[in-house]
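Note: the block below is protein_13.cif and it holds mmCIF, C-alpha atoms.
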```
data_upload
loop_
_atom_site.label_atom_id
_atom_site.label_comp_id
_atom_site.auth_asym_id
_atom_site.auth_seq_id
_atom_site.Cartn_x
_atom_site.Cartn_y
_atom_site.Cartn_z
CA MET L 146 7.62 26.34 -1.20
CA THR L 147 5.17 24.60 -3.50
CA VAL L 148 6.57 21.76 -5.61
CA SER L 149 5.18 21.34 -9.13
CA PRO L 150 3.19 18.15 -9.76
CA TRP L 151 5.47 17.45 -12.72
CA ILE L 152 8.44 17.27 -10.37
CA ALA L 153 6.55 14.61 -8.42
CA VAL L 154 5.99 12.73 -11.70
CA ALA L 155 9.70 13.01 -12.52
CA LEU L 156 10.61 11.73 -9.04
CA ALA L 157 8.26 8.73 -9.25
CA LEU L 158 10.79 6.29 -10.71
CA PRO L 159 13.67 7.22 -8.34
CA VAL L 160 11.30 7.07 -5.36
CA LEU L 161 10.01 3.67 -6.49
CA LEU L 162 13.55 2.34 -6.86
CA CYS L 163 14.42 3.69 -3.40
CA GLY L 164 11.40 1.87 -1.97
CA GLU L 165 12.44 -1.36 -3.65
CA ALA L 166 15.93 -1.04 -2.17
CA PHE L 167 14.50 -0.61 1.33
CA VAL L 168 12.13 -3.56 0.91
CA ARG L 169 15.02 -5.78 -0.21
CA ARG L 170 17.24 -4.76 2.70
CA VAL L 171 14.72 -4.50 5.53
CA ARG L 172 13.54 -8.00 6.32
CA LEU L 173 10.33 -6.93 8.05
CA LEU L 174 9.15 -4.97 5.00
CA ASN L 175 9.89 -7.92 2.75
CA ARG L 176 8.21 -10.44 5.06
CA PHE L 177 4.91 -8.57 5.10
CA ASN L 178 4.88 -7.64 1.42
CA ILE L 179 4.76 -3.89 2.03
CA PRO L 180 4.58 -2.35 -1.49
CA ALA L 181 7.82 -0.67 -2.59
CA PRO L 182 6.07 2.50 -3.86
CA VAL L 183 4.38 2.90 -0.48
CA VAL L 184 7.73 2.61 1.29
CA GLY L 185 9.53 5.00 -1.04
CA GLY L 186 6.70 7.52 -1.11
CA LEU L 187 6.27 7.51 2.65
CA LEU L 188 9.99 8.08 3.13
CA VAL L 189 9.72 11.24 1.04
CA ALA L 190 6.57 12.29 2.90
CA LEU L 191 8.37 11.77 6.22
CA LEU L 192 11.33 13.86 5.07
CA VAL L 193 8.95 16.63 4.02
CA LEU L 194 7.17 16.40 7.39
CA ILE L 195 10.47 16.65 9.29
CA GLY L 196 11.55 19.61 7.18
CA ASN L 197 8.27 21.42 7.74
CA LEU L 198 8.17 20.77 11.51
CA SER L 199 11.80 21.78 12.02
CA GLY L 200 11.52 24.85 9.85
CA VAL L 201 14.57 23.80 7.84
CA CYS L 202 12.67 23.67 4.57
CA GLU L 203 8.93 24.12 4.15
CA LEU L 204 7.64 22.13 1.20
CA ARG L 205 4.24 21.22 -0.18
CA PHE L 206 3.51 19.11 -3.23
CA GLU L 207 0.94 20.53 -5.64
CA THR L 208 -1.09 17.76 -7.28
CA GLY L 209 -3.60 19.58 -9.49
CA VAL L 210 -2.91 20.05 -13.20
CA ALA L 211 -4.92 21.74 -15.95
CA GLN L 212 -2.74 20.89 -18.96
CA ARG L 213 -5.21 19.80 -21.62
CA TRP L 214 -2.89 17.16 -23.11
CA TRP L 215 -2.85 15.37 -19.72
CA THR L 216 -6.50 15.77 -18.71
CA TRP L 217 -7.99 14.83 -22.10
CA LEU L 218 -7.95 11.13 -21.36
CA VAL L 219 -10.09 11.40 -18.22
CA CYS L 220 -12.55 14.05 -19.42
CA THR L 221 -15.60 14.04 -21.65
CA PRO L 222 -15.41 16.60 -24.51
CA SER L 223 -17.76 19.06 -22.77
CA GLU L 224 -15.78 18.88 -19.52
CA TRP L 225 -12.45 19.11 -21.32
CA ALA L 226 -13.53 22.31 -23.09
CA GLN L 227 -13.65 24.01 -19.67
CA SER L 228 -9.98 23.17 -18.91
CA PRO L 229 -10.73 21.45 -15.59
CA VAL L 230 -8.07 20.89 -12.92
CA LYS L 231 -7.43 17.18 -12.33
CA ASN L 232 -5.13 15.34 -9.98
CA VAL L 233 -1.93 14.51 -11.83
CA THR L 234 -2.29 10.85 -10.78
CA GLN L 235 -5.85 10.41 -12.05
CA PRO L 236 -5.00 8.98 -15.50
CA LEU L 237 -2.68 6.43 -13.84
CA LEU L 238 -5.30 5.46 -11.27
CA VAL L 239 -8.11 5.07 -13.80
CA ALA L 240 -5.85 3.11 -16.17
CA PHE L 241 -4.89 0.73 -13.35
CA PHE L 242 -8.53 -0.07 -12.59
CA ALA L 243 -9.21 -0.45 -16.31
CA CYS L 244 -6.60 -3.22 -16.15
CA ILE L 245 -8.51 -4.80 -13.25
CA GLY L 246 -11.62 -4.81 -15.44
CA LEU L 247 -9.76 -6.26 -18.43
CA ASN L 248 -8.64 -9.18 -16.28
CA ALA L 249 -12.19 -9.96 -15.10
CA SER L 250 -12.65 -12.89 -17.47
CA TRP L 251 -15.74 -15.04 -17.10
CA ALA L 252 -13.80 -17.87 -18.74
CA LEU L 253 -11.53 -17.88 -15.69
CA VAL L 254 -14.28 -17.40 -13.13
CA LYS L 255 -16.42 -20.27 -14.42
CA ARG L 256 -13.62 -22.78 -13.78
CA GLY L 257 -14.75 -22.79 -10.17
CA THR L 258 -18.08 -21.00 -10.43
CA LEU L 259 -19.84 -22.29 -7.32
CA GLN L 260 -16.82 -22.14 -5.03
CA VAL L 261 -15.84 -18.72 -6.35
CA ALA L 262 -19.38 -17.41 -5.90
CA ILE L 263 -19.54 -18.70 -2.31
CA PHE L 264 -16.11 -17.32 -1.42
CA LEU L 265 -16.99 -13.97 -3.03
CA GLY L 266 -20.12 -13.85 -0.88
CA LEU L 267 -18.01 -14.45 2.23
CA ALA L 268 -15.51 -11.74 1.20
CA LEU L 269 -18.30 -9.22 0.67
CA ALA L 270 -19.99 -10.17 3.95
CA LEU L 271 -16.70 -9.48 5.73
CA ALA L 272 -16.43 -6.14 3.89
CA VAL L 273 -19.87 -5.09 5.15
CA LEU L 274 -18.98 -6.16 8.71
CA GLN L 275 -15.72 -4.19 8.51
CA ASN L 276 -17.68 -1.08 7.60
CA LEU L 277 -20.22 -1.61 10.37
CA ILE L 278 -17.44 -2.11 12.92
CA GLY L 279 -15.52 0.91 11.66
CA VAL L 280 -18.50 3.26 11.62
CA GLY L 281 -19.82 1.97 14.95
CA LEU L 282 -16.51 2.37 16.78
CA ALA L 283 -15.98 5.80 15.24
CA SER L 284 -19.32 6.93 16.66
CA MET L 285 -18.40 5.56 20.10
CA LEU L 286 -14.97 7.22 20.01
CA GLY L 287 -16.34 10.58 18.94
CA ILE L 288 -14.44 10.79 15.64
CA PRO L 289 -15.95 11.27 12.15
CA ARG L 290 -17.90 8.24 11.01
CA LEU L 291 -16.36 8.64 7.56
CA LEU L 292 -12.97 7.97 9.16
CA GLY L 293 -14.41 4.76 10.60
CA LEU L 294 -15.58 3.83 7.11
CA MET L 295 -12.11 4.58 5.73
CA CYS L 296 -10.75 2.16 8.35
CA GLY L 297 -13.31 -0.39 7.14
CA SER L 298 -13.49 -2.18 3.80
CA VAL L 299 -11.94 0.78 1.96
CA SER L 300 -8.48 0.16 3.44
CA MET L 301 -8.92 -3.40 4.72
CA THR L 302 -10.56 -5.41 1.92
CA GLY L 303 -9.73 -2.70 -0.62
CA GLY L 304 -6.12 -1.80 0.17
CA HIS L 305 -4.04 1.12 -1.07
CA GLY L 306 -5.54 1.25 -4.56
CA THR L 307 -9.12 1.52 -3.30
CA VAL L 308 -8.08 4.08 -0.67
CA MET L 309 -6.62 6.39 -3.28
CA GLY L 310 -9.50 5.74 -5.65
CA PHE L 311 -12.06 6.86 -3.06
CA ALA L 312 -9.99 9.60 -1.39
CA GLN L 313 -11.58 12.40 -3.41
CA GLU L 314 -15.09 11.18 -2.59
CA PHE L 315 -14.27 11.10 1.13
CA GLU L 316 -12.73 14.58 0.95
CA ALA L 317 -15.84 15.87 -0.83
CA ALA L 318 -18.03 14.24 1.82
CA GLY L 319 -16.16 16.13 4.56
CA LEU L 320 -13.24 13.95 5.71
CA ASP L 321 -10.13 16.14 5.46
CA GLY L 322 -6.89 14.20 5.04
CA ALA L 323 -8.75 11.10 3.84
CA ALA L 324 -5.84 9.90 1.68
CA VAL L 325 -3.30 10.11 4.49
CA MET L 326 -5.51 8.30 6.97
CA GLY L 327 -6.51 5.67 4.44
CA VAL L 328 -2.91 4.93 3.47
CA ALA L 329 -1.93 4.58 7.13
CA ALA L 330 -4.82 2.16 7.69
CA ALA L 331 -4.05 0.13 4.57
CA THR L 332 -0.38 -0.19 5.54
CA PHE L 333 -1.38 -1.38 9.01
CA GLY L 334 -3.66 -3.93 7.34
CA LEU L 335 -0.85 -5.23 5.13
CA VAL L 336 1.37 -5.94 8.12
CA ALA L 337 -1.45 -7.50 10.13
CA GLY L 338 -2.61 -9.65 7.20
CA GLY L 339 0.89 -11.07 6.80
CA LEU L 340 1.13 -11.75 10.52
CA ILE L 341 -2.11 -13.58 11.19
CA GLY L 342 -2.82 -15.55 8.00
CA GLY L 343 -0.35 -18.40 8.49
CA PRO L 344 -1.00 -18.88 12.21
CA VAL L 345 -4.80 -18.87 11.78
CA GLY L 346 -4.83 -21.25 8.80
CA GLY L 347 -2.05 -23.46 10.15
CA GLY L 348 -3.68 -23.53 13.58
CA LEU L 349 -6.86 -24.97 12.07
CA ILE L 350 -4.88 -27.67 10.26
CA ARG L 351 -3.04 -28.73 13.41
CA ALA L 352 -6.02 -28.53 15.73
CA ARG L 353 -8.26 -30.63 13.46
CA GLY L 354 -5.61 -32.96 12.04
CA LEU L 355 -6.41 -31.93 8.47
CA ARG L 356 -4.55 -33.38 5.50
CA PRO L 357 -4.53 -32.68 1.75
CA ALA L 358 -7.00 -34.73 -0.29
CA ALA L 359 -5.65 -38.16 -1.14
CA ASP L 360 -6.13 -37.62 -4.88
CA VAL L 361 -3.99 -34.47 -4.98
CA THR L 362 -1.03 -35.58 -7.07
CA ALA L 363 2.05 -33.81 -8.28
CA ASP L 364 0.27 -33.14 -11.57
CA ALA L 365 -2.59 -31.43 -9.81
CA ALA L 366 -0.16 -29.48 -7.72
CA SER L 367 1.38 -28.08 -10.89
CA ASP L 368 -1.74 -25.98 -11.35
CA VAL L 369 -1.04 -24.06 -8.16
CA GLN L 370 -0.52 -20.39 -8.83
CA GLU L 371 2.86 -19.90 -7.25
CA VAL L 372 4.56 -16.53 -7.15
CA PRO L 373 7.75 -16.72 -9.20
CA ASP L 374 11.02 -16.33 -7.38
CA GLY L 375 12.70 -14.57 -10.32
CA GLU L 376 13.60 -10.96 -10.82
CA SER L 377 10.92 -8.48 -9.83
CA GLY L 378 10.54 -4.74 -9.53
CA ILE L 379 9.69 -1.77 -11.69
CA ILE L 380 12.78 -2.05 -13.94
CA SER L 381 12.02 -5.72 -14.54
CA ASP L 382 8.39 -4.86 -15.34
CA LEU L 383 9.40 -2.12 -17.77
CA ARG L 384 11.89 -4.39 -19.53
CA ARG L 385 9.34 -7.19 -19.74
CA TYR L 386 6.71 -4.89 -21.19
CA ALA L 387 9.18 -3.47 -23.72
CA ARG L 388 9.87 -7.04 -24.89
CA TYR L 389 6.18 -7.46 -25.69
CA GLY L 390 6.71 -5.08 -28.63
CA LEU L 391 3.63 -4.48 -30.76
CA SER L 392 1.56 -6.72 -28.50
CA GLY L 393 2.41 -4.47 -25.56
CA LEU L 394 1.42 -1.38 -27.57
CA TYR L 395 -1.85 -3.06 -28.53
CA HIS L 396 -2.70 -3.84 -24.89
CA LEU L 397 -1.78 -0.30 -23.83
CA LEU L 398 -4.19 1.03 -26.47
CA LEU L 399 -6.89 -1.29 -25.11
CA VAL L 400 -6.42 0.21 -21.65
CA LEU L 401 -6.52 3.75 -23.00
CA VAL L 402 -9.75 2.97 -24.87
CA CYS L 403 -11.27 1.70 -21.61
CA VAL L 404 -10.17 4.87 -19.79
CA LYS L 405 -11.62 7.17 -22.44
CA LEU L 406 -14.90 5.31 -22.89
CA GLY L 407 -15.12 5.01 -19.12
CA THR L 408 -15.42 8.80 -18.76
CA TRP L 409 -18.83 8.67 -20.48
CA VAL L 410 -19.91 5.65 -18.42
CA SER L 411 -18.91 7.48 -15.23
CA VAL L 412 -20.91 10.54 -16.30
CA ILE L 413 -23.97 8.36 -16.93
CA ILE L 414 -23.58 6.71 -13.51
CA GLN L 415 -23.12 10.07 -11.76
CA GLY L 416 -26.25 11.31 -13.54
CA THR L 417 -28.23 8.88 -11.40
CA GLY L 418 -27.19 10.85 -8.32
CA ILE L 419 -24.97 8.03 -7.01
CA THR L 420 -21.33 8.91 -6.28
CA PHE L 421 -18.85 6.32 -7.48
CA PRO L 422 -15.06 6.68 -7.61
CA VAL L 423 -13.59 8.14 -10.80
CA TYR L 424 -12.34 4.76 -11.98
CA ILE L 425 -15.62 2.86 -11.95
CA GLY L 426 -16.59 3.62 -15.55
CA ALA L 427 -13.25 2.46 -16.96
CA MET L 428 -13.41 -0.71 -14.88
CA PHE L 429 -16.91 -1.54 -16.17
CA VAL L 430 -15.81 -0.91 -19.77
CA GLY L 431 -12.81 -3.18 -19.17
CA VAL L 432 -15.06 -5.99 -17.91
CA ALA L 433 -17.37 -5.66 -20.92
CA LEU L 434 -14.50 -5.47 -23.41
CA ARG L 435 -12.65 -8.46 -21.96
CA ASN L 436 -15.65 -10.75 -21.96
CA ALA L 437 -16.74 -9.65 -25.44
CA ALA L 438 -13.21 -10.34 -26.65
CA ASP L 439 -13.22 -13.78 -25.02
CA VAL L 440 -16.33 -14.68 -27.04
CA ILE L 441 -15.07 -13.27 -30.35
CA HIS L 442 -11.40 -14.23 -30.08
CA PRO L 443 -10.30 -15.94 -26.83
CA ARG L 444 -6.67 -14.77 -27.19
CA ALA L 445 -7.45 -11.14 -28.01
CA VAL L 446 -6.56 -10.02 -24.47
CA CYS L 447 -3.52 -11.49 -22.69
CA THR L 448 -3.81 -11.53 -18.90
CA GLU L 449 -0.02 -11.58 -18.46
CA ARG L 450 0.44 -8.36 -20.45
CA ILE L 451 -2.38 -6.61 -18.62
CA ASP L 452 -0.94 -7.74 -15.27
CA THR L 453 2.48 -6.31 -16.15
CA LEU L 454 0.99 -3.00 -17.29
CA ALA L 455 -1.17 -2.82 -14.15
CA SER L 456 1.92 -3.36 -11.97
CA ILE L 457 3.73 -0.49 -13.73
CA LEU L 458 0.76 1.88 -13.49
CA LEU L 459 0.14 1.11 -9.81
CA GLY L 460 3.81 1.56 -8.96
CA PHE L 461 4.01 5.03 -10.50
CA PHE L 462 0.61 6.06 -9.14
CA LEU L 463 1.36 5.04 -5.56
CA SER L 464 4.83 6.61 -5.61
CA ILE L 465 3.42 10.00 -6.65
CA ALA L 466 0.42 9.75 -4.33
CA MET L 467 2.49 8.69 -1.30
CA MET L 468 5.16 11.38 -1.58
CA SER L 469 2.42 14.03 -1.89
CA LEU L 470 0.76 13.10 1.42
CA ASN L 471 0.61 15.63 4.25
CA LEU L 472 1.31 13.35 7.22
CA ILE L 473 0.62 16.02 9.81
CA GLU L 474 -3.07 15.45 9.12
CA LEU L 475 -2.82 12.18 11.08
CA ALA L 476 -2.34 14.09 14.35
CA GLY L 477 -5.27 13.79 16.70
CA VAL L 478 -6.83 10.63 15.25
CA ALA L 479 -3.98 8.12 15.45
CA GLN L 480 -5.08 6.59 18.77
CA ALA L 481 -8.69 6.19 17.68
CA MET L 482 -7.57 4.68 14.38
CA MET L 483 -5.45 2.11 16.20
CA ILE L 484 -8.47 0.98 18.23
CA ILE L 485 -10.59 0.58 15.11
CA LEU L 486 -7.86 -1.18 13.13
CA THR L 487 -7.10 -3.60 15.96
CA ALA L 488 -10.79 -4.47 16.07
CA GLN L 489 -10.71 -5.06 12.29
CA VAL L 490 -7.84 -7.51 12.62
CA VAL L 491 -9.69 -9.45 15.33
CA LEU L 492 -12.89 -9.45 13.25
CA THR L 493 -11.10 -10.73 10.15
CA ALA L 494 -9.30 -13.51 12.02
CA VAL L 495 -12.46 -14.68 13.80
CA PHE L 496 -14.61 -14.47 10.64
CA ALA L 497 -12.09 -16.40 8.56
CA ARG L 498 -11.52 -19.05 11.23
CA THR L 499 -15.18 -19.69 11.96
CA VAL L 500 -17.36 -18.63 9.01
CA THR L 501 -15.02 -18.95 6.02
CA PHE L 502 -13.61 -22.29 7.19
CA LYS L 503 -17.00 -23.86 7.82
CA VAL L 504 -18.77 -22.53 4.71
CA MET L 505 -15.93 -23.51 2.35
CA GLY L 506 -16.13 -27.12 3.49
CA GLY L 507 -14.22 -27.42 6.76
CA ASP L 508 -11.44 -29.42 5.06
CA TYR L 509 -7.75 -28.89 4.37
CA ASP L 510 -8.31 -26.64 1.35
CA ALA L 511 -10.76 -24.55 3.39
CA ALA L 512 -8.09 -24.02 6.06
CA VAL L 513 -5.65 -22.82 3.37
CA MET L 514 -8.38 -20.48 2.08
CA VAL L 515 -8.65 -19.09 5.61
CA ALA L 516 -4.98 -18.10 5.48
CA GLY L 517 -5.61 -16.42 2.13
CA HIS L 518 -8.74 -14.64 3.33
CA CYS L 519 -6.79 -13.12 6.21
CA GLY L 520 -4.29 -11.81 3.63
CA PHE L 521 -6.55 -10.05 1.18
CA GLY L 522 -9.26 -9.33 3.76
CA LEU L 523 -6.70 -7.02 5.36
CA GLY L 524 -5.55 -5.38 2.19
CA ALA L 525 -3.49 -7.28 -0.39
CA MET L 526 -3.69 -10.29 -2.70
CA PRO L 527 0.11 -10.86 -2.56
CA ASN L 528 -0.24 -11.36 1.20
CA ALA L 529 -2.96 -13.92 0.57
CA ILE L 530 -0.74 -15.89 -1.82
CA ALA L 531 2.24 -15.63 0.52
CA ASN L 532 0.13 -16.86 3.45
CA MET L 533 -1.20 -19.84 1.49
CA GLN L 534 2.24 -20.74 0.19
CA ALA L 535 3.64 -20.67 3.72
CA VAL L 536 0.93 -23.12 4.83
CA THR L 537 1.12 -25.45 1.82
CA ARG L 538 4.92 -25.66 1.88
CA ARG L 539 4.60 -27.17 5.33
CA TYR L 540 1.44 -29.28 5.07
CA GLY L 541 0.91 -30.07 1.37
CA HIS L 542 -0.74 -28.83 -1.79
CA ALA L 543 -4.19 -27.20 -1.94
CA PRO L 544 -5.09 -26.69 -5.63
CA ARG L 545 -8.71 -25.69 -4.94
CA ALA L 546 -7.60 -22.92 -2.60
CA PHE L 547 -5.10 -21.59 -5.16
CA LEU L 548 -7.85 -21.47 -7.77
CA VAL L 549 -10.63 -19.87 -5.73
CA VAL L 550 -8.77 -17.27 -3.66
CA PRO L 551 -6.79 -15.53 -6.44
CA ILE L 552 -9.85 -15.28 -8.73
CA THR L 553 -11.93 -13.75 -5.95
CA GLY L 554 -9.31 -11.51 -4.39
CA THR L 555 -7.71 -10.20 -7.57
CA PHE L 556 -10.62 -8.50 -9.27
CA LEU L 557 -14.10 -9.67 -8.19
CA VAL L 558 -13.88 -8.13 -4.71
CA ASP L 559 -12.78 -4.77 -6.15
CA LEU L 560 -15.78 -4.72 -8.47
CA PHE L 561 -18.33 -5.26 -5.70
CA ASN L 562 -16.53 -3.55 -2.82
CA ALA L 563 -16.80 -0.20 -4.64
CA THR L 564 -20.58 -0.52 -4.58
CA ILE L 565 -20.63 -1.38 -0.87
CA ILE L 566 -18.41 1.59 -0.01
CA THR L 567 -20.52 3.95 -2.12
CA ALA L 568 -23.69 2.82 -0.36
CA PHE L 569 -22.12 3.48 3.03
CA ILE L 570 -20.89 6.94 1.97
CA HIS L 571 -24.39 7.91 0.91
CA ALA L 572 -25.88 6.51 4.11
CA LEU L 573 -23.48 8.61 6.21
CA LYS L 574 -24.06 11.89 4.41
#
```
As C-alpha cells:
Amino acid sequence: MTVSPWIAVALALPVLLCGEAFVRRVRLLNRFNIPAPVVGGLLVALLVLIGNLSGVCELRFETGVAQRWWTWLVCTPSEWAQSPVKNVTQPLLVAFFACIGLNASWALVKRGTLQVAIFLGLALALAVLQNLIGVGLASMLGIPRLLGLMCGSVSMTGGHGTVMGFAQEFEAAGLDGAAVMGVAAATFGLVAGGLIGGPVGGGLIRARGLRPAADVTADAASDVQEVPDGESGIISDLRRYARYGLSGLYHLLLVLVCVKLGTWVSVIIQGTGITFPVYIGAMFVGVALRNAADVIHPRAVCTERIDTLASILLGFFLSIAMMSLNLIELAGVAQAMMIILTAQVVLTAVFARTVTFKVMGGDYDAAVMVAGHCGFGLGAMPNAIANMQAVTRRYGHAPRAFLVVPITGTFLVDLFNATIITAFIHALK
C-alpha cells in the first residue's frame, strides 16, 4: 500500500514528539545529542521495514507531489507552468538553508576574523580529507565511490541536513538509496562525535598541563555561548515563535522571499553546468539579504527568531524524510560503510589533536576547540558545544573557543562544504 505524502506531513508532529520522548527517556540518545526527528522518523521507518519483511502490512511512503500551491515556492514561473513533481519536503529543506544564509552575518564573523578564517580553513581541509578517505576506501572495498563520498564530508562535516540536501544529486548521479545510507552515516557520526570530543580535548589539557589564560575573568566568561538548560523541543519552539507575533511573521516572510528568489539564483547556477543542491540559491540570497540588512539597519534581522524558525523547519523536514526512508536499501553495504566510517572517526580525532591544536595556538583554548572540532567535524554543532562545555566545566572557561567554533560550525562550513561536495560529485561522474 502506498501512503500519501500528505499523511507523512500530518504525521510529522506526532513523530517528532515521539522522538523527543525517546530522547528524554533513553540516556544514550540524550548523551550523544541524537536529533529527536531522526529518532522518531527512524522508529517509523523500522516499523515499516518490519511490516514489509514479515508480510503483515506492506507499506511505502510516496514523497512526490504536484500540487501547484505547494510547489510554487520552489519553482520559477516557467517550471511551475509545467506542473512539476517535487518532493513534499523540498520547501521545508530550502527554507531551512535560507535560515542558515540569513544567519551568516559578517558583523558576527568579523569579531574574530583571523581566528575564524584559520579555523574555517582547518574545517574545510578536514572535509576534503574525509572525502578523499571515503572515496579511496570505497574503491578499495569495491563499492560505489559515490557511497564513499556520502560517508565523507556530506554526512560527517555536513550532517543530516546536508545529507538530505544532496540526496537527490547523489540519486541522479547513480547512487540508489543515497538518503538512507547518508542518514545512517550521519547518525553514526553524531554518536562518535559525542564520544571522542571530550576525551581528545581533555586528554590534551591533561597531557600538556594546560590552563585557562590568567586574564579570563568571570566577566569574560559571561560571553560564553552556553546552551540553555530550559525547556526545549518542538512545542516549545512553536510557542516561542508564536510569541514573536508580527516580528515572527516578518521573519517568516523574509525566509519565504529568500526561497522564492533563490529559485532563480539556482537556475542561473545550474545554467553554468555545475550541479548544486536545490537549496544553494536560497542560502546565497539569505547571505546577501542579511549582510545588506546589517548595513542598512543592523536590527532588521534577528538571529534568535531565525534560529527558532530554522529549528522548527528542520524538525518537520527530518521527521518526514526519516519516516519515508526505505531501510532495506542498506543491505549489502553496511559492513563496508562501517569500515569507512570508523576510518573517518580516526581521521577526525587525529587531525583535530595534531593539526587543529597546533595551528590554533597549542594553548588551552585550542584544546577546547579540538573538542568542538571533533563534534561538528562528525556531524553536529550541538555536539561541538556539548563537548566544549564538558571540558570547560572541568578545567575552566575558554571564551575564544566559544566564539570561534560556533561561528565556523554553524553556517560558514555549510556554505563552503556544498562547493567541495559538488566538485567531488563532478569529478566522480
Run through the PyMOL selection byres ((chain L and resi 157-167) around 8) on the given coordinates and return the selected residues as a ChimeraX atom specification. /L:153-156,168-171,174,181-186,189,378-379,460-461,464-465
If the PyMOL selection byres ((chain L and resi 306-317) around 10) were run on this exact file, what residues would it hold? Put them as a PDB file with C-alpha atoms, in the coordinates of the input.
```
ATOM      1  CA  ASN L 232      -5.130  15.340  -9.980  1.00  0.00           C
ATOM      2  CA  THR L 234      -2.290  10.850 -10.780  1.00  0.00           C
ATOM      3  CA  GLN L 235      -5.850  10.410 -12.050  1.00  0.00           C
ATOM      4  CA  LEU L 238      -5.300   5.460 -11.270  1.00  0.00           C
ATOM      5  CA  VAL L 239      -8.110   5.070 -13.800  1.00  0.00           C
ATOM      6  CA  PHE L 241      -4.890   0.730 -13.350  1.00  0.00           C
ATOM      7  CA  PHE L 242      -8.530  -0.070 -12.590  1.00  0.00           C
ATOM      8  CA  LEU L 291     -16.360   8.640   7.560  1.00  0.00           C
ATOM      9  CA  LEU L 292     -12.970   7.970   9.160  1.00  0.00           C
ATOM     10  CA  LEU L 294     -15.580   3.830   7.110  1.00  0.00           C
ATOM     11  CA  MET L 295     -12.110   4.580   5.730  1.00  0.00           C
ATOM     12  CA  CYS L 296     -10.750   2.160   8.350  1.00  0.00           C
ATOM     13  CA  SER L 298     -13.490  -2.180   3.800  1.00  0.00           C
ATOM     14  CA  VAL L 299     -11.940   0.780   1.960  1.00  0.00           C
ATOM     15  CA  SER L 300      -8.480   0.160   3.440  1.00  0.00           C
ATOM     16  CA  MET L 301      -8.920  -3.400   4.720  1.00  0.00           C
ATOM     17  CA  THR L 302     -10.560  -5.410   1.920  1.00  0.00           C
ATOM     18  CA  GLY L 303      -9.730  -2.700  -0.620  1.00  0.00           C
ATOM     19  CA  GLY L 304      -6.120  -1.800   0.170  1.00  0.00           C
ATOM     20  CA  HIS L 305      -4.040   1.120  -1.070  1.00  0.00           C
ATOM     21  CA  ALA L 318     -18.030  14.240   1.820  1.00  0.00           C
ATOM     22  CA  GLY L 319     -16.160  16.130   4.560  1.00  0.00           C
ATOM     23  CA  LEU L 320     -13.240  13.950   5.710  1.00  0.00           C
ATOM     24  CA  ASP L 321     -10.130  16.140   5.460  1.00  0.00           C
ATOM     25  CA  GLY L 322      -6.890  14.200   5.040  1.00  0.00           C
ATOM     26  CA  ALA L 323      -8.750  11.100   3.840  1.00  0.00           C
ATOM     27  CA  ALA L 324      -5.840   9.900   1.680  1.00  0.00           C
ATOM     28  CA  VAL L 325      -3.300  10.110   4.490  1.00  0.00           C
ATOM     29  CA  MET L 326      -5.510   8.300   6.970  1.00  0.00           C
ATOM     30  CA  GLY L 327      -6.510   5.670   4.440  1.00  0.00           C
ATOM     31  CA  VAL L 328      -2.910   4.930   3.470  1.00  0.00           C
ATOM     32  CA  ALA L 329      -1.930   4.580   7.130  1.00  0.00           C
ATOM     33  CA  ALA L 330      -4.820   2.160   7.690  1.00  0.00           C
ATOM     34  CA  ALA L 331      -4.050   0.130   4.570  1.00  0.00           C
ATOM     35  CA  THR L 420     -21.330   8.910  -6.280  1.00  0.00           C
ATOM     36  CA  PHE L 421     -18.850   6.320  -7.480  1.00  0.00           C
ATOM     37  CA  PRO L 422     -15.060   6.680  -7.610  1.00  0.00           C
ATOM     38  CA  VAL L 423     -13.590   8.140 -10.800  1.00  0.00           C
ATOM     39  CA  TYR L 424     -12.340   4.760 -11.980  1.00  0.00           C
ATOM     40  CA  ILE L 425     -15.620   2.860 -11.950  1.00  0.00           C
ATOM     41  CA  LEU L 459       0.140   1.110  -9.810  1.00  0.00           C
ATOM     42  CA  PHE L 462       0.610   6.060  -9.140  1.00  0.00           C
ATOM     43  CA  LEU L 463       1.360   5.040  -5.560  1.00  0.00           C
ATOM     44  CA  ALA L 466       0.420   9.750  -4.330  1.00  0.00           C
ATOM     45  CA  MET L 467       2.490   8.690  -1.300  1.00  0.00           C
ATOM     46  CA  GLY L 524      -5.550  -5.380   2.190  1.00  0.00           C
ATOM     47  CA  ALA L 525      -3.490  -7.280  -0.390  1.00  0.00           C
ATOM     48  CA  ASP L 559     -12.780  -4.770  -6.150  1.00  0.00           C
ATOM     49  CA  ASN L 562     -16.530  -3.550  -2.820  1.00  0.00           C
ATOM     50  CA  ALA L 563     -16.800  -0.200  -4.640  1.00  0.00           C
ATOM     51  CA  ILE L 566     -18.410   1.590  -0.010  1.00  0.00           C
ATOM     52  CA  THR L 567     -20.520   3.950  -2.120  1.00  0.00           C
ATOM     53  CA  ILE L 570     -20.890   6.940   1.970  1.00  0.00           C
TER      54      ILE L 570
END
```
- Message: Residues within 9 Å of Leu204 in chain L, please, as a ChimeraX atom specification. Count only C-alpha atoms; anything in the same chain fewer than 2 positions from it doesn't count.
- Response: /L:146-148,193-194,196-197,202,206
Write out the residues from the selection above, keeping C-alpha atoms, as an mmCIF file, keeping the file's coordinate frame.
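Result file selection_17.cif:
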```
data_model
loop_
_atom_site.group_PDB
_atom_site.id
_atom_site.type_symbol
_atom_site.label_atom_id
_atom_site.label_comp_id
_atom_site.auth_asym_id
_atom_site.auth_seq_id
_atom_site.Cartn_x
_atom_site.Cartn_y
_atom_site.Cartn_z
ATOM 1 C CA MET L 146 7.620 26.340 -1.200
ATOM 2 C CA THR L 147 5.170 24.600 -3.500
ATOM 3 C CA VAL L 148 6.570 21.760 -5.610
ATOM 4 C CA VAL L 193 8.950 16.630 4.020
ATOM 5 C CA LEU L 194 7.170 16.400 7.390
ATOM 6 C CA GLY L 196 11.550 19.610 7.180
ATOM 7 C CA ASN L 197 8.270 21.420 7.740
ATOM 8 C CA CYS L 202 12.670 23.670 4.570
ATOM 9 C CA PHE L 206 3.510 19.110 -3.230
#
```
message: On this structure, the PyMOL selection byres ((chain L and resi 278-282) around 7) would catch which residues? List them as a ChimeraX atom specification, sorted by chain and number.
response: /L:274-277,283-286,290,293-294,296-297,485
Taken to one decimal, the CA of Gly343 in chain L-CA of Asn532 in chain L distance is 5.3 Å
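For the choices L:Leu401, L:Cys220, L:Leu472, L:Val478, the atom-to-atom distance to Leu187 in chain L is smallest for L:Leu472 when using only C-alpha atoms.
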